[in-house]
$ cat entry.pdb   # PDB, C-alpha atoms
ATOM      1  CA  MET A   1       0.000   0.000   0.000
ATOM      2  CA  GLU A   2       1.297   3.437  -0.883
ATOM      3  CA  ASP A   3       1.041   6.779   0.859
ATOM      4  CA  ILE A   4      -1.214   9.330  -0.787
ATOM      5  CA  HIS A   5      -0.111  12.896  -1.437
ATOM      6  CA  ILE A   6      -2.430  15.190  -3.353
ATOM      7  CA  SER A   7      -1.792  18.894  -3.567
ATOM      8  CA  GLY A   8      -4.821  21.069  -3.160
ATOM      9  CA  PHE A   9      -5.567  23.736  -5.674
ATOM     10  CA  LYS A  10      -8.168  26.293  -6.369
ATOM     11  CA  ASP A  11      -8.197  26.790 -10.053
ATOM     12  CA  CYS A  12     -11.069  25.358 -12.059
ATOM     13  CA  TYR A  13     -12.515  23.661  -9.065
ATOM     14  CA  ILE A  14     -11.582  23.420  -5.438
ATOM     15  CA  GLN A  15      -9.721  20.388  -4.296
ATOM     16  CA  PRO A  16      -8.381  19.899  -0.782
ATOM     17  CA  THR A  17      -4.839  18.929   0.106
ATOM     18  CA  VAL A  18      -4.601  15.320   1.207
ATOM     19  CA  ASP A  19      -1.754  13.716   3.134
ATOM     20  CA  PHE A  20      -2.166  10.112   4.213
ATOM     21  CA  VAL A  21       1.054   8.583   5.541
ATOM     22  CA  GLU A  22       0.985   4.879   6.290
ATOM     23  CA  SER A  23       4.280   4.714   8.185
ATOM     24  CA  THR A  24       3.269   7.285  10.823
ATOM     25  CA  GLY A  25      -0.513   6.862  10.735
ATOM     26  CA  GLU A  26      -0.876  10.604  10.319
ATOM     27  CA  CYS A  27      -3.582  11.624   7.907
ATOM     28  CA  ALA A  28      -4.870  15.049   7.021
ATOM     29  CA  ILE A  29      -7.369  16.662   4.685
ATOM     30  CA  SER A  30      -7.092  20.435   4.493
ATOM     31  CA  GLY A  31      -8.151  23.443   2.480
ATOM     32  CA  GLU A  32     -11.475  23.709   0.681
ATOM     33  CA  SER A  33     -13.520  21.011  -0.954
ATOM     34  CA  PHE A  34     -15.966  21.568  -3.742
ATOM     35  CA  MET A  35     -16.006  19.560  -6.947
ATOM     36  CA  GLU A  36     -18.387  18.095  -9.479
ATOM     37  CA  GLU A  37     -17.646  14.464  -8.784
ATOM     38  CA  THR A  38     -16.959  14.103  -5.105
ATOM     39  CA  ALA A  39     -17.233  10.309  -5.391
ATOM     40  CA  LYS A  40     -14.325  10.149  -7.808
ATOM     41  CA  PHE A  41     -12.113  12.105  -5.420
ATOM     42  CA  TYR A  42     -13.213  10.675  -2.077
ATOM     43  CA  TRP A  43     -13.856   7.021  -2.856
ATOM     44  CA  PRO A  44     -10.114   6.152  -3.024
ATOM     45  CA  LEU A  45      -9.573   8.002   0.262
ATOM     46  CA  VAL A  46     -12.311   6.034   2.043
ATOM     47  CA  GLU A  47     -10.854   2.813   0.616
ATOM     48  CA  TRP A  48      -7.385   3.811   1.835
ATOM     49  CA  VAL A  49      -8.623   4.352   5.383
ATOM     50  CA  LYS A  50     -10.488   1.033   5.299
ATOM     51  CA  GLU A  51      -7.384  -0.766   4.044
ATOM     52  CA  TYR A  52      -5.175   0.999   6.604
ATOM     53  CA  GLY A  53      -7.529  -0.037   9.403
ATOM     54  CA  LYS A  54      -7.058  -3.688   8.521
ATOM     55  CA  LYS A  55      -3.270  -3.455   8.869
ATOM     56  CA  HIS A  56      -2.733  -0.959  11.683
ATOM     57  CA  ASN A  57      -4.271  -0.099  15.023
ATOM     58  CA  LYS A  58      -3.330   3.536  15.454
ATOM     59  CA  ILE A  59      -4.303   6.605  13.434
ATOM     60  CA  VAL A  60      -4.385  10.377  13.907
ATOM     61  CA  PHE A  61      -6.790  11.962  11.454
ATOM     62  CA  THR A  62      -6.909  15.752  11.084
ATOM     63  CA  PHE A  63      -9.569  17.703   9.210
ATOM     64  CA  SER A  64      -8.638  21.327   8.456
ATOM     65  CA  LEU A  65     -11.298  22.339   5.997
ATOM     66  CA  THR A  66     -12.352  25.967   5.804
ATOM     67  CA  TYR A  67     -15.132  25.148   3.347
ATOM     68  CA  TYR A  68     -16.756  21.949   2.105
ATOM     69  CA  ASN A  69     -20.013  21.579   0.217
ATOM     70  CA  THR A  70     -22.805  19.215   1.243
ATOM     71  CA  SER A  71     -21.803  16.684  -1.359
ATOM     72  CA  THR A  72     -18.340  16.531   0.256
ATOM     73  CA  SER A  73     -19.927  16.275   3.713
ATOM     74  CA  LYS A  74     -21.342  12.840   2.851
ATOM     75  CA  TRP A  75     -17.871  11.579   2.083
ATOM     76  CA  LEU A  76     -16.426  13.024   5.268
ATOM     77  CA  LEU A  77     -19.076  10.981   7.057
ATOM     78  CA  ALA A  78     -17.937   7.888   5.133
ATOM     79  CA  ILE A  79     -14.336   8.461   6.298
ATOM     80  CA  LEU A  80     -15.475   8.973   9.904
ATOM     81  CA  LYS A  81     -17.475   5.744   9.724
ATOM     82  CA  GLU A  82     -14.323   3.870   8.693
ATOM     83  CA  LEU A  83     -12.450   5.441  11.600
ATOM     84  CA  ARG A  84     -15.230   4.402  13.956
ATOM     85  CA  GLU A  85     -15.024   0.898  12.549
ATOM     86  CA  MET A  86     -11.306   0.870  13.321
ATOM     87  CA  GLU A  87     -12.026   2.020  16.866
ATOM     88  CA  ASN A  88     -14.676  -0.683  17.292
ATOM     89  CA  GLU A  89     -12.035  -3.228  16.326
ATOM     90  CA  GLY A  90      -9.869  -1.964  19.183
ATOM     91  CA  GLY A  91      -7.809   0.591  17.290
ATOM     92  CA  GLU A  92      -6.530   3.809  18.837
ATOM     93  CA  VAL A  93      -8.239   6.534  16.818
ATOM     94  CA  THR A  94      -7.667  10.261  17.283
ATOM     95  CA  VAL A  95      -9.754  12.675  15.244
ATOM     96  CA  ILE A  96      -8.870  16.377  15.235
ATOM     97  CA  TRP A  97     -11.101  18.911  13.530
ATOM     98  CA  HIS A  98      -9.926  22.482  13.040
ATOM     99  CA  TYR A  99     -12.767  24.959  13.147
ATOM    100  CA  THR A 100     -13.524  28.656  13.362
ATOM    101  CA  PRO A 101     -15.014  29.241  16.846
ATOM    102  CA  ASP A 102     -17.613  31.789  15.728
ATOM    103  CA  ASP A 103     -18.746  29.669  12.778
ATOM    104  CA  THR A 104     -21.819  28.135  14.428
ATOM    105  CA  ASP A 105     -22.798  26.329  11.236
ATOM    106  CA  MET A 106     -19.539  24.405  11.172
ATOM    107  CA  ASN A 107     -19.674  23.771  14.921
ATOM    108  CA  ASP A 108     -23.133  22.264  14.592
ATOM    109  CA  ASP A 109     -21.951  20.164  11.704
ATOM    110  CA  ILE A 110     -19.034  18.697  13.679
ATOM    111  CA  MET A 111     -21.346  17.969  16.627
ATOM    112  CA  ASP A 112     -23.709  16.200  14.237
ATOM    113  CA  TYR A 113     -20.844  14.068  12.945
ATOM    114  CA  MET A 114     -20.134  13.008  16.542
ATOM    115  CA  VAL A 115     -23.796  12.119  17.081
ATOM    116  CA  ASP A 116     -23.914  10.158  13.844
ATOM    117  CA  THR A 117     -20.709   8.168  14.274
ATOM    118  CA  GLY A 118     -20.299   7.956  18.036
ATOM    119  CA  LEU A 119     -16.693   9.038  17.495
ATOM    120  CA  HIS A 120     -15.128  11.652  19.715
ATOM    121  CA  ILE A 121     -13.859  14.564  17.642
ATOM    122  CA  ASN A 122     -11.317  16.926  19.189
ATOM    123  CA  MET A 123     -12.349  20.384  18.091
ATOM    124  CA  VAL A 124      -9.348  22.699  17.852
ATOM    125  CA  PRO A 125      -9.637  26.348  16.741
ATOM    126  CA  PHE A 126      -7.794  27.058  13.494
ATOM    127  CA  ASP A 127      -5.263  29.414  15.046
ATOM    128  CA  GLU A 128      -4.233  26.985  17.780
ATOM    129  CA  PRO A 129      -1.559  24.412  17.053
TER     130      PRO A 129
ATOM    131  CA  MET B 130     -11.585  60.631 -17.502
ATOM    132  CA  HIS B 131     -11.961  61.595 -21.133
ATOM    133  CA  LYS B 132     -15.169  59.592 -21.390
ATOM    134  CA  ASN B 133     -16.704  61.311 -18.386
ATOM    135  CA  LYS B 134     -16.152  64.731 -19.849
ATOM    136  CA  LYS B 135     -17.928  63.720 -23.039
ATOM    137  CA  CYS B 136     -20.793  62.295 -21.044
ATOM    138  CA  THR B 137     -21.999  65.615 -19.667
ATOM    139  CA  LYS B 138     -22.143  67.050 -23.149
ATOM    140  CA  PHE B 139     -24.104  64.098 -24.499
ATOM    141  CA  ALA B 140     -26.333  63.479 -21.523
ATOM    142  CA  LYS B 141     -29.488  65.198 -22.750
ATOM    143  CA  ASN B 142     -30.397  62.903 -25.628
ATOM    144  CA  ILE B 143     -29.818  59.308 -26.531
ATOM    145  CA  LYS B 144     -27.377  59.244 -29.400
ATOM    146  CA  ARG B 145     -27.315  56.304 -31.726
ATOM    147  CA  ILE B 146     -24.462  55.894 -34.121
ATOM    148  CA  GLY B 147     -24.605  53.318 -36.870
ATOM    149  CA  MET B 148     -27.561  51.435 -38.225
ATOM    150  CA  GLU B 149     -31.040  52.414 -37.135
ATOM    151  CA  LYS B 150     -31.431  49.033 -35.531
ATOM    152  CA  LEU B 151     -29.071  46.117 -35.741
ATOM    153  CA  ASP B 152     -30.633  43.025 -37.247
ATOM    154  CA  GLY B 153     -31.423  40.600 -34.467
ATOM    155  CA  LYS B 154     -30.621  43.116 -31.750
ATOM    156  CA  TYR B 155     -32.599  42.617 -28.562
ATOM    157  CA  ASP B 156     -35.572  44.921 -28.631
ATOM    158  CA  PHE B 157     -35.062  46.281 -25.152
ATOM    159  CA  SER B 158     -32.798  49.027 -23.964
ATOM    160  CA  LEU B 159     -29.668  47.718 -22.325
ATOM    161  CA  TYR B 160     -29.501  50.968 -20.415
ATOM    162  CA  GLU B 161     -32.927  50.351 -18.881
ATOM    163  CA  TYR B 162     -31.924  46.788 -18.095
ATOM    164  CA  HIS B 163     -28.771  48.066 -16.412
ATOM    165  CA  ASN B 164     -30.787  50.627 -14.455
ATOM    166  CA  LEU B 165     -33.236  47.991 -13.300
ATOM    167  CA  LEU B 166     -30.349  45.927 -11.969
ATOM    168  CA  GLN B 167     -28.778  49.030 -10.489
ATOM    169  CA  GLN B 168     -31.570  49.115  -7.902
ATOM    170  CA  ASN B 169     -30.489  46.899  -5.032
ATOM    171  CA  ILE B 170     -28.823  44.276  -7.213
ATOM    172  CA  LEU B 171     -25.175  43.603  -6.396
ATOM    173  CA  VAL B 172     -24.461  40.677  -8.700
ATOM    174  CA  SER B 173     -26.457  39.093 -11.478
ATOM    175  CA  TYR B 174     -25.614  36.342 -13.923
ATOM    176  CA  LYS B 175     -27.592  34.427 -16.517
ATOM    177  CA  GLY B 176     -26.156  31.642 -18.601
ATOM    178  CA  PRO B 177     -24.375  28.324 -18.302
ATOM    179  CA  ILE B 178     -22.974  27.568 -14.876
ATOM    180  CA  ASP B 179     -19.955  25.491 -14.027
ATOM    181  CA  GLU B 180     -17.262  25.514 -11.366
ATOM    182  CA  ARG B 181     -15.250  28.246 -13.100
ATOM    183  CA  ILE B 182     -18.153  30.698 -13.054
ATOM    184  CA  MET B 183     -18.907  29.675  -9.480
ATOM    185  CA  ASN B 184     -15.328  30.330  -8.419
ATOM    186  CA  VAL B 185     -15.208  33.753 -10.001
ATOM    187  CA  ILE B 186     -18.577  34.911  -8.673
ATOM    188  CA  GLY B 187     -17.989  33.202  -5.322
ATOM    189  CA  ASP B 188     -14.731  35.100  -4.866
ATOM    190  CA  ASN B 189     -16.215  38.400  -6.014
ATOM    191  CA  ILE B 190     -19.274  38.310  -3.755
ATOM    192  CA  GLU B 191     -17.044  39.389  -0.899
ATOM    193  CA  LEU B 192     -16.104  42.559  -2.784
ATOM    194  CA  VAL B 193     -19.682  43.811  -3.109
ATOM    195  CA  THR B 194     -21.152  42.807   0.249
ATOM    196  CA  ASN B 195     -19.336  45.559   2.120
ATOM    197  CA  ASP B 196     -22.010  46.103   4.771
ATOM    198  CA  GLY B 197     -21.963  42.474   5.785
ATOM    199  CA  ASN B 198     -19.921  41.238   8.706
ATOM    200  CA  ASP B 199     -17.513  38.319   8.225
ATOM    201  CA  LYS B 200     -20.109  35.805   9.318
ATOM    202  CA  ALA B 201     -22.682  37.103   6.852
ATOM    203  CA  LYS B 202     -20.096  37.026   4.048
ATOM    204  CA  SER B 203     -19.177  33.456   4.843
ATOM    205  CA  LYS B 204     -22.869  32.483   4.882
ATOM    206  CA  ILE B 205     -23.506  34.126   1.526
ATOM    207  CA  PHE B 206     -20.549  32.292   0.033
ATOM    208  CA  LYS B 207     -21.774  28.912   1.315
ATOM    209  CA  ILE B 208     -25.346  29.534   0.156
ATOM    210  CA  PHE B 209     -24.114  30.707  -3.217
ATOM    211  CA  MET B 210     -22.044  27.551  -3.695
ATOM    212  CA  GLU B 211     -24.946  25.228  -2.890
ATOM    213  CA  LEU B 212     -27.615  27.004  -4.915
ATOM    214  CA  ALA B 213     -25.407  27.670  -7.942
ATOM    215  CA  GLN B 214     -24.361  24.019  -7.924
ATOM    216  CA  ASN B 215     -28.018  22.981  -7.979
ATOM    217  CA  VAL B 216     -28.584  25.097 -11.105
ATOM    218  CA  TRP B 217     -25.473  23.648 -12.728
ATOM    219  CA  LEU B 218     -26.426  20.029 -12.043
ATOM    220  CA  TYR B 219     -30.213  20.036 -12.140
ATOM    221  CA  SER B 220     -31.381  22.679 -14.618
ATOM    222  CA  ALA B 221     -33.498  21.234 -17.441
ATOM    223  CA  GLU B 222     -32.015  23.860 -19.725
ATOM    224  CA  SER B 223     -28.420  23.057 -20.522
ATOM    225  CA  CYS B 224     -25.594  23.193 -23.005
ATOM    226  CA  LYS B 225     -22.682  20.883 -23.703
ATOM    227  CA  THR B 226     -18.978  21.676 -23.739
ATOM    228  CA  ALA B 227     -16.655  20.368 -26.452
ATOM    229  CA  SER B 228     -15.701  17.505 -24.160
ATOM    230  CA  GLY B 229     -19.351  16.574 -23.656
ATOM    231  CA  ARG B 230     -19.882  17.931 -20.145
ATOM    232  CA  LYS B 231     -23.385  19.117 -19.442
ATOM    233  CA  LEU B 232     -23.679  22.618 -17.989
ATOM    234  CA  GLY B 233     -27.015  23.685 -16.556
ATOM    235  CA  MET B 234     -28.241  27.164 -17.388
ATOM    236  CA  GLY B 235     -29.942  29.518 -15.025
ATOM    237  CA  THR B 236     -29.979  32.868 -13.319
ATOM    238  CA  LEU B 237     -28.229  33.977 -10.122
ATOM    239  CA  VAL B 238     -28.993  37.269  -8.413
ATOM    240  CA  ILE B 239     -27.650  38.742  -5.200
ATOM    241  CA  GLY B 240     -29.540  41.742  -3.943
ATOM    242  CA  GLU B 241     -29.394  44.077  -1.001
ATOM    243  CA  PHE B 242     -32.566  45.101   0.813
ATOM    244  CA  GLY B 243     -32.379  47.072   4.034
ATOM    245  CA  ASP B 244     -30.526  45.092   6.678
ATOM    246  CA  SER B 245     -30.402  41.907   4.595
ATOM    247  CA  TYR B 246     -28.920  40.376   1.498
ATOM    248  CA  THR B 247     -31.205  38.341  -0.712
ATOM    249  CA  PHE B 248     -29.907  35.521  -2.796
ATOM    250  CA  VAL B 249     -32.070  34.190  -5.622
ATOM    251  CA  THR B 250     -31.403  31.466  -8.160
ATOM    252  CA  GLY B 251     -33.711  30.233 -10.870
ATOM    253  CA  ASN B 252     -33.750  27.648 -13.613
ATOM    254  CA  VAL B 253     -36.102  25.645 -15.801
ATOM    255  CA  VAL B 254     -37.101  22.262 -14.397
ATOM    256  CA  ARG B 255     -39.189  19.349 -15.592
ATOM    257  CA  ASN B 256     -42.428  19.201 -13.621
ATOM    258  CA  SER B 257     -41.993  15.488 -12.959
ATOM    259  CA  ASP B 258     -38.538  16.108 -11.389
ATOM    260  CA  ILE B 259     -39.521  19.057  -9.266
ATOM    261  CA  GLU B 260     -42.523  17.625  -7.411
ATOM    262  CA  PRO B 261     -40.457  15.718  -4.821
ATOM    263  CA  VAL B 262     -38.200  18.762  -4.397
ATOM    264  CA  ILE B 263     -41.199  20.988  -3.634
ATOM    265  CA  GLU B 264     -42.334  18.453  -1.027
ATOM    266  CA  LYS B 265     -38.852  18.538   0.531
ATOM    267  CA  CYS B 266     -38.934  22.337   0.595
ATOM    268  CA  GLU B 267     -42.257  22.244   2.436
ATOM    269  CA  ILE B 268     -40.762  19.888   5.021
ATOM    270  CA  ILE B 269     -37.673  22.122   5.355
ATOM    271  CA  ASN B 270     -39.803  25.219   5.973
ATOM    272  CA  SER B 271     -41.861  23.442   8.625
ATOM    273  CA  LEU B 272     -38.848  22.465  10.754
ATOM    274  CA  ASP B 273     -36.991  24.367  13.476
ATOM    275  CA  ARG B 274     -33.198  24.404  13.597
ATOM    276  CA  ASP B 275     -32.733  21.239  15.666
ATOM    277  CA  SER B 276     -35.185  19.279  13.544
ATOM    278  CA  LEU B 277     -33.484  20.557  10.403
ATOM    279  CA  ARG B 278     -30.144  19.267  11.700
ATOM    280  CA  GLU B 279     -31.759  15.907  12.402
ATOM    281  CA  TYR B 280     -33.231  15.914   8.898
ATOM    282  CA  ARG B 281     -29.817  16.694   7.415
ATOM    283  CA  ARG B 282     -28.237  13.827   9.355
ATOM    284  CA  GLU B 283     -30.948  11.504   8.111
ATOM    285  CA  GLN B 284     -30.450  12.570   4.490
ATOM    286  CA  ARG B 285     -26.665  12.395   4.795
ATOM    287  CA  ARG B 286     -26.861   8.832   6.072
ATOM    288  CA  LEU B 287     -28.692   7.867   2.879
ATOM    289  CA  GLY B 288     -25.401   8.250   1.051
ATOM    290  CA  GLY B 289     -24.144   9.869  -2.064
ATOM    291  CA  ASP B 290     -26.407   9.513  -5.059
ATOM    292  CA  LYS B 291     -26.732  12.606  -7.203
ATOM    293  CA  LYS B 292     -30.520  12.848  -7.025
ATOM    294  CA  ASN B 293     -30.403  13.170  -3.276
ATOM    295  CA  SER B 294     -27.547  15.695  -3.129
ATOM    296  CA  GLY B 295     -29.675  18.643  -4.159
ATOM    297  CA  ASN B 296     -32.046  18.028  -1.265
ATOM    298  CA  ILE B 297     -29.296  18.088   1.326
ATOM    299  CA  GLY B 298     -28.082  21.237  -0.364
ATOM    300  CA  LEU B 299     -31.446  22.898   0.271
ATOM    301  CA  ILE B 300     -31.485  21.782   3.920
ATOM    302  CA  GLN B 301     -27.986  23.229   4.270
ATOM    303  CA  VAL B 302     -29.098  26.490   2.639
ATOM    304  CA  ALA B 303     -32.013  26.880   5.083
ATOM    305  CA  LEU B 304     -29.700  26.108   8.027
ATOM    306  CA  THR B 305     -27.016  28.523   6.857
ATOM    307  CA  ALA B 306     -29.452  31.341   6.019
ATOM    308  CA  GLU B 307     -31.315  30.834   9.319
ATOM    309  CA  SER B 308     -34.439  31.651   7.340
ATOM    310  CA  PRO B 309     -37.049  29.686   5.369
ATOM    311  CA  LEU B 310     -36.721  29.021   1.651
ATOM    312  CA  ASP B 311     -38.861  31.244  -0.541
ATOM    313  CA  ILE B 312     -39.830  28.970  -3.428
ATOM    314  CA  GLU B 313     -41.605  30.039  -6.602
ATOM    315  CA  LEU B 314     -42.709  27.731  -9.401
ATOM    316  CA  THR B 315     -43.946  29.345 -12.616
ATOM    317  CA  PRO B 316     -45.274  27.064 -15.385
ATOM    318  CA  VAL B 317     -43.536  27.713 -18.723
ATOM    319  CA  SER B 318     -45.006  24.813 -20.727
ATOM    320  CA  ASP B 319     -46.990  21.617 -20.163
ATOM    321  CA  ASP B 320     -43.963  19.741 -18.827
ATOM    322  CA  GLU B 321     -41.693  22.491 -17.573
ATOM    323  CA  SER B 322     -41.648  25.248 -14.985
ATOM    324  CA  PHE B 323     -39.287  27.963 -13.858
ATOM    325  CA  PHE B 324     -38.146  27.109 -10.354
ATOM    326  CA  SER B 325     -36.680  29.803  -8.156
ATOM    327  CA  VAL B 326     -35.274  29.693  -4.640
ATOM    328  CA  ALA B 327     -34.725  32.840  -2.612
ATOM    329  CA  VAL B 328     -33.185  33.214   0.825
ATOM    330  CA  LYS B 329     -32.499  36.159   3.054
ATOM    331  CA  ILE B 330     -29.289  36.606   5.037
ATOM    332  CA  LYS B 331     -28.960  39.297   7.697
ATOM    333  CA  LYS B 332     -26.054  41.677   7.040
ATOM    334  CA  THR B 333     -24.892  41.469  10.627
ATOM    335  CA  VAL B 334     -25.143  37.932  11.864
ATOM    336  CA  ASN B 335     -24.365  37.304  15.502
TER     337      ASN B 335
END

$ encode --input "entry.pdb" --output "structure tokens"
Amino acid sequence: MEDIHISGFKDCYIQPTVDFVESTGECAISGESFMEETAKFYWPLVEWVKEYGKKHNKIVFTFSLTYYNTSTSKWLLAILKELREMENEGGEVTVIWHYTPDDTDMNDDIMDYMVDTGLHINMVPFDEP
Amino acid sequence: MHKNKKCTKFAKNIKRIGMEKLDGKYDFSLYEYHNLLQQNILVSYKGPIDERIMNVIGDNIELVTNDGNDKAKSKIFKIFMELAQNVWLYSAESCKTASGRKLGMGTLVIGEFGDSYTFVTGNVVRNSDIEPVIEKCEIINSLDRDSLREYRREQRRLGGDKKNSGNIGLIQVALTAESPLDIELTPVSDDESFFSVAVKIKKTVN
């Protein structure tokens, strides 16, 4: 299995930066996410996390998205479900979500992800390390 | 500067240079059209929509919503992205690019009224496609914020098929705007209607 490195760009459409590193178990999705075919972009990422979960028992997953559309939000849920699955199997899963404290919409959304998956998400303001 | 000077001299009458009327020229005055838009309209676009247009307009919204606080600007951007994407993907009126991609056509308008911004999008839809959407809109407008969040979770759990995406988009729009959706359906033929969605966003959101 190979690490995934995709550079984000904001040209014709908005693609987030993705860094999934198998050797350290550190994974991050950052930037903005809006594209026509979210499935095409996110499906391999969900598969990667699923595959990783079968081989390893520790992962630190960081979301640093300043904007994502609703179509993307379904795929973020799919990733979180895989992480929850890993945790159910006894894995040590840490989820960090960078957010803007006064953005109530995003706060609500993260809370809803916790309700839906049963995963604990560590909410860290964007300007904190 | 040069142009402005000339303007005062010419301002009294409409001058037309060239043919009396260009063959095929629209039979309305572009000046009147411009003036109509000048009243409370900050941005307006009609035509094919794709991610490039969305990016340009999305970025430029911030430049014209000067009275809005940061939160309002961020809300307008999010609402714009969802509604414009719905026009792009679901309009019954469309054109094709050289590579065969389908681009939906429609109209996007951002206006300013008192202490609020109003965002309106409109496009032609097939009546058979729009019925379930209208039902969803009625549900959305009947729910309070907590119930709307529950509804969004429920819809999100259903997964990622394209047909369903637009509905979550509308739930998200109502949540972000913190106001109901103002829906208008105008029949244009036996099978098609013009569908428009309007939402209001307060200029200073707490």

$ interface_residues --input "entry.pdb" --of "chain A" --to "chain B" --cutoff "9 Å" --atoms "only C-alpha atoms" --output "PyMOL selection string"
chain A and resi 10-14+34-36+38-39+67-71+73-75+77-78+102-103+105+108-109+112-113+116

$ atom_distance --input "entry.pdb" --atom1 "atom CA of Ile268 of chain B" --atom2 "atom CA of Asn256 of chain B"
18.7 Å

$ resolve_selection --input "entry.pdb" --expression "the PyMOL selection byres ((chain A and resi 6) around 6)" --output "list of chain:residue names"
A:His5, A:Ser7, A:Thr17, A:Val18

$ resolve_selection --input "entry.pdb" --expression "the PyMOL selection byres ((chain B and resi 323) around 12)" --output "compact mmCIF listing (two decimals) with C-alpha atoms, keeping the file's coordinate frame"
# COMPACT_ATOMS: atom_id res chain seq x y z
CA VAL B 216 -28.58 25.10 -11.10
CA SER B 220 -31.38 22.68 -14.62
CA ALA B 221 -33.50 21.23 -17.44
CA GLU B 222 -32.02 23.86 -19.73
CA MET B 234 -28.24 27.16 -17.39
CA GLY B 235 -29.94 29.52 -15.02
CA THR B 236 -29.98 32.87 -13.32
CA THR B 250 -31.40 31.47 -8.16
CA GLY B 251 -33.71 30.23 -10.87
CA ASN B 252 -33.75 27.65 -13.61
CA VAL B 253 -36.10 25.64 -15.80
CA VAL B 254 -37.10 22.26 -14.40
CA ARG B 255 -39.19 19.35 -15.59
CA ASN B 256 -42.43 19.20 -13.62
CA ILE B 259 -39.52 19.06 -9.27
CA ILE B 312 -39.83 28.97 -3.43
CA GLU B 313 -41.60 30.04 -6.60
CA LEU B 314 -42.71 27.73 -9.40
CA THR B 315 -43.95 29.34 -12.62
CA PRO B 316 -45.27 27.06 -15.38
CA VAL B 317 -43.54 27.71 -18.72
CA SER B 318 -45.01 24.81 -20.73
CA ASP B 319 -46.99 21.62 -20.16
CA ASP B 320 -43.96 19.74 -18.83
CA GLU B 321 -41.69 22.49 -17.57
CA SER B 322 -41.65 25.25 -14.98
CA PHE B 324 -38.15 27.11 -10.35
CA SER B 325 -36.68 29.80 -8.16
CA VAL B 326 -35.27 29.69 -4.64

$ atom_distance --input "entry.pdb" --atom1 "atom CA of Ser64 of chain A" --atom2 "atom CA of Glu85 of chain A"
21.8 Å

$ residues_around --input "entry.pdb" --residues "Val46 of chain A" --least-positions-apart "5" --cutoff "9 Å" --atoms "only C-alpha atoms" --output "list in words"
Glu51, Trp75, Leu76, Ala78, Ile79, Leu80 and Glu82 of chain A

$ write_last_selection --input "entry.pdb" --atoms "C-alpha atoms" --output "tab-separated table (two decimals), in the coordinates of the input"
chain	number	residue	atom	x	y	z
A	51	GLU	CA	-7.38	-0.77	4.04
A	75	TRP	CA	-17.87	11.58	2.08
A	76	LEU	CA	-16.43	13.02	5.27
A	78	ALA	CA	-17.94	7.89	5.13
A	79	ILE	CA	-14.34	8.46	6.30
A	80	LEU	CA	-15.48	8.97	9.90
A	82	GLU	CA	-14.32	3.87	8.69

$ closest_residue --input "entry.pdb" --among "B:Leu277, B:Val262, B:Leu165, B:Val328" --to "Phe209 of chain B" --atoms "only C-alpha atoms"
B:Val328

$ resolve_selection --input "entry.pdb" --expression "the PyMOL selection byres ((chain B and resi 334) around 7)" --output "PyMOL selection string"
chain B and resi 198+200-201+331-333+335

$ atom_distance --input "entry.pdb" --atom1 "atom CA of Val249 of chain B" --atom2 "atom CA of Tyr280 of chain B"
23.4 Å

$ closest_residue --input "entry.pdb" --among "B:Leu272, B:Leu212, B:Gly197, B:Tyr219" --to "Lys231 of chain B" --atoms "only C-alpha atoms"
B:Tyr219

$ residues_around --input "entry.pdb" --residues "Phe242 of chain B" --least-positions-apart "5" --cutoff "9 Å" --atoms "all atoms listed in the file" --output "PyMOL selection string"
chain B and resi 169-170+247

$ decode --input "entry.pdb" --residues "segment 80-89 of chain A" --atoms "N, CA and C atoms" --output "short mmCIF file (atom, residue, chain, number, x, y, z; two decimals), in the first residue's frame"
data_model
loop_
_atom_site.label_atom_id
_atom_site.label_comp_id
_atom_site.auth_asym_id
_atom_site.auth_seq_id
_atom_site.Cartn_x
_atom_site.Cartn_y
_atom_site.Cartn_z
N LEU A 80 -15.30 9.08 8.45
CA LEU A 80 -15.47 8.97 9.90
C LEU A 80 -16.04 7.60 10.29
N LYS A 81 -16.91 7.07 9.45
CA LYS A 81 -17.48 5.74 9.72
C LYS A 81 -16.38 4.68 9.69
N GLU A 82 -15.45 4.81 8.75
CA GLU A 82 -14.32 3.87 8.69
C GLU A 82 -13.45 3.99 9.94
N LEU A 83 -13.27 5.22 10.40
CA LEU A 83 -12.45 5.44 11.60
C LEU A 83 -13.14 4.83 12.82
N ARG A 84 -14.45 4.98 12.86
CA ARG A 84 -15.23 4.40 13.96
C ARG A 84 -15.12 2.87 13.95
N GLU A 85 -15.16 2.34 12.74
CA GLU A 85 -15.02 0.90 12.55
C GLU A 85 -13.69 0.43 13.12
N MET A 86 -12.65 1.19 12.84
CA MET A 86 -11.31 0.87 13.32
C MET A 86 -11.28 0.89 14.85
N GLU A 87 -11.96 1.90 15.41
CA GLU A 87 -12.03 2.02 16.87
C GLU A 87 -12.80 0.84 17.47
N ASN A 88 -13.88 0.46 16.82
CA ASN A 88 -14.68 -0.68 17.29
C ASN A 88 -13.86 -1.97 17.32
N GLU A 89 -12.89 -2.04 16.40
CA GLU A 89 -12.04 -3.23 16.33
C GLU A 89 -10.88 -3.14 17.32
#
